[in-house]
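Trainee: Mind having a look at this structure? Questions to follow.
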Amino acid sequence: MRTYKQRMPDDFHLHLRSGAMLKAVLPYTVEQFGRATVMPNLHPDPILMGLQAEMYGNEIMSYGFNSFKPLMTIQITEKTTAQMIRQAQEAGVIAGKIYPKGMTTNSENGVVDYKSLHKVFLQMEASQMVLLLHGEHPHSTSSLYRERDFMDTLDYIAGKYPTLKIVLEHVTTAYAISTVKMFKNVAATITLHHLLLTLDDVIGGKLKPHNFCKPIAKFESDREAIVEAAFSGSHKFFFGSDSAPHQRSTKECEEGCAGIFTAPVIMPMLVEFFEKHGKLRLLENFTARYGAEFYGLPRNEGILELVNVPNHLPKEISIPELNDSVVVFQGGQTISWSIKGVSHA
Ligand code: DOR
Ligand code: ZN
């Protein structure tokens, strides 16, 4: 039996939700990750201020997973002020997230006018608070062009605020990857699902709602560029899962929600994928070093161990309180790696 060991990884983009959903999904992240950047788009009340982030962080910690550290965020809207940024920083918030208006789940209060955020960006620069961007332009002629068309906005913010640390989240196109490389202050997160999927895995045969997310998976040439970036050893590209649980009933319906629940399968699948391509030696930096460096955090202490034994992925996680379930990404398949545990040696 072979084993794979590496420094405890981080998930730099995660949706945990709250209440019964949080309770159901959190254990899958804490068994694999030392920290995670927790997204603020809660419904109906998004996290907009430091105090709310603190309370949300306390809810996450109330489950007693003391080895896990949630990295809290606030959502930045056109109503955010420089003072709110200062207060959020004092409350331990590490990053601010911008959703363009209406682009994804719970983003009705998103941003249209980026120039109106001048003072907010200056304060974030001064506080070294990381700016997280959902990079999709709301007025593209096609949803497939939204990320490409957002690059002008990225260009504007990155150029005008050269010491603001910016992460283009869940990058999905070759074009965006080449744009990220142009700016010293810009990095990008890469998800597990965008390493694996193309648009055809969503709509090429029968409709696959559990492969549907935003930004939607694009073409094979884009997927190859994402894989190349993940394998490049560039410090600009690091892991963020965008694991985004939704109740099965809200995905398998007339207007299905965007979001793929990958949390239970991430590290086993990443080990399998990197190994298959002969790149396993690069996985530790991708998941446990470059992101921490960009955020200005120390690396995690523990060691995560996986073993090469068949792992039958559950199809779904049931949530009795909601009388519903969450479908697991590629659930039902058997993969070759399983999580053994964490050690602190
Ligand atoms: O697919 C997505 N789901 N993309 C996002 O940006 C948000 C997320 C969610 O919150 O469900
Ligand atoms: Zn997300």
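Identifiers in this document derive from the order of the structure tokens: chains are assigned A, B, ..., residues are numbered from 1 separately in each chain, and ligands are numbered from 1 in order of occurrence.
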Check which residues fall inside 7 Å of ligand 2 when counting only C-alpha atoms and all ligand atoms, and print them as a list of chain:residue names.

Mentor: A:His13, A:Leu14, A:His15, A:Met39, A:Asp242, A:Ala244

Trainee: Give me the residues near Ile60 of chain A as number ranges by chain, where near means some atom within 12 Å (using only C-alpha atoms) and where sequence neighbours in that chain fewer than 4 positions away do not count.

Mentor: A: 15-27, 29-30, 35-36, 38, 53-56, 64-66, 68-72

Trainee: Write the residues of the selection above to a file with C-alpha atoms, as a PDB file, in the first residue's frame.

Mentor:
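Listed below is the output, again23.pdb:
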ATOM      1  CA  HIS A  15     -18.894  27.977   0.644  1.00  0.00           C
ATOM      2  CA  LEU A  16     -19.959  26.574   3.992  1.00  0.00           C
ATOM      3  CA  ARG A  17     -23.448  28.154   4.311  1.00  0.00           C
ATOM      4  CA  SER A  18     -24.957  28.151   7.814  1.00  0.00           C
ATOM      5  CA  GLY A  19     -27.292  26.179  10.092  1.00  0.00           C
ATOM      6  CA  ALA A  20     -28.040  22.569   9.154  1.00  0.00           C
ATOM      7  CA  MET A  21     -26.141  22.791   5.858  1.00  0.00           C
ATOM      8  CA  LEU A  22     -22.996  24.060   7.600  1.00  0.00           C
ATOM      9  CA  LYS A  23     -23.259  21.289  10.158  1.00  0.00           C
ATOM     10  CA  ALA A  24     -23.535  18.677   7.392  1.00  0.00           C
ATOM     11  CA  VAL A  25     -20.721  19.884   5.123  1.00  0.00           C
ATOM     12  CA  LEU A  26     -18.098  21.246   7.535  1.00  0.00           C
ATOM     13  CA  PRO A  27     -16.658  17.852   8.649  1.00  0.00           C
ATOM     14  CA  THR A  29     -13.414  20.213   4.895  1.00  0.00           C
ATOM     15  CA  VAL A  30     -11.886  20.009   8.358  1.00  0.00           C
ATOM     16  CA  ARG A  35      -7.806  26.625   6.835  1.00  0.00           C
ATOM     17  CA  ALA A  36     -10.378  27.788   4.329  1.00  0.00           C
ATOM     18  CA  VAL A  38     -15.127  31.209   3.794  1.00  0.00           C
ATOM     19  CA  ALA A  53     -18.105  37.862  10.032  1.00  0.00           C
ATOM     20  CA  GLU A  54     -17.088  37.382  13.653  1.00  0.00           C
ATOM     21  CA  MET A  55     -20.464  35.862  14.523  1.00  0.00           C
ATOM     22  CA  TYR A  56     -20.347  33.612  11.472  1.00  0.00           C
ATOM     23  CA  GLY A  64     -15.500  22.141  17.974  1.00  0.00           C
ATOM     24  CA  PHE A  65     -13.076  21.436  15.109  1.00  0.00           C
ATOM     25  CA  ASN A  66     -10.329  23.307  16.861  1.00  0.00           C
ATOM     26  CA  PHE A  68      -9.403  24.218  11.651  1.00  0.00           C
ATOM     27  CA  LYS A  69      -9.200  27.968  11.106  1.00  0.00           C
ATOM     28  CA  PRO A  70     -11.880  29.661   9.003  1.00  0.00           C
ATOM     29  CA  LEU A  71     -10.502  32.696   7.161  1.00  0.00           C
ATOM     30  CA  MET A  72     -13.387  35.102   7.279  1.00  0.00           C
TER      31      MET A  72
END

Trainee: 7 Å from ligand 1 is the threshold here; counting only C-alpha atoms and all ligand atoms, which polymer residues fall inside it? Answer as a ChimeraX atom specification.

Mentor: /A:15,41,104-106,134,212-215,242,244-246,257-260

Trainee: Residues of segment 195-297 of chain A classed as alpha helix (DSSP H) by DSSP on the backbone are to be reported as an NGL selection string.

Mentor: :A and (195-196 or 200-203 or 220-230 or 248-251 or 266-276 or 283-288 or 290-295)

Trainee: Where in segment 41-264 of chain A does DSSP assign strand (DSSP E), given as a PyMOL selection string?

Mentor: chain A and resi 69-75+95-98+130-133+166-168+186-190+237-239
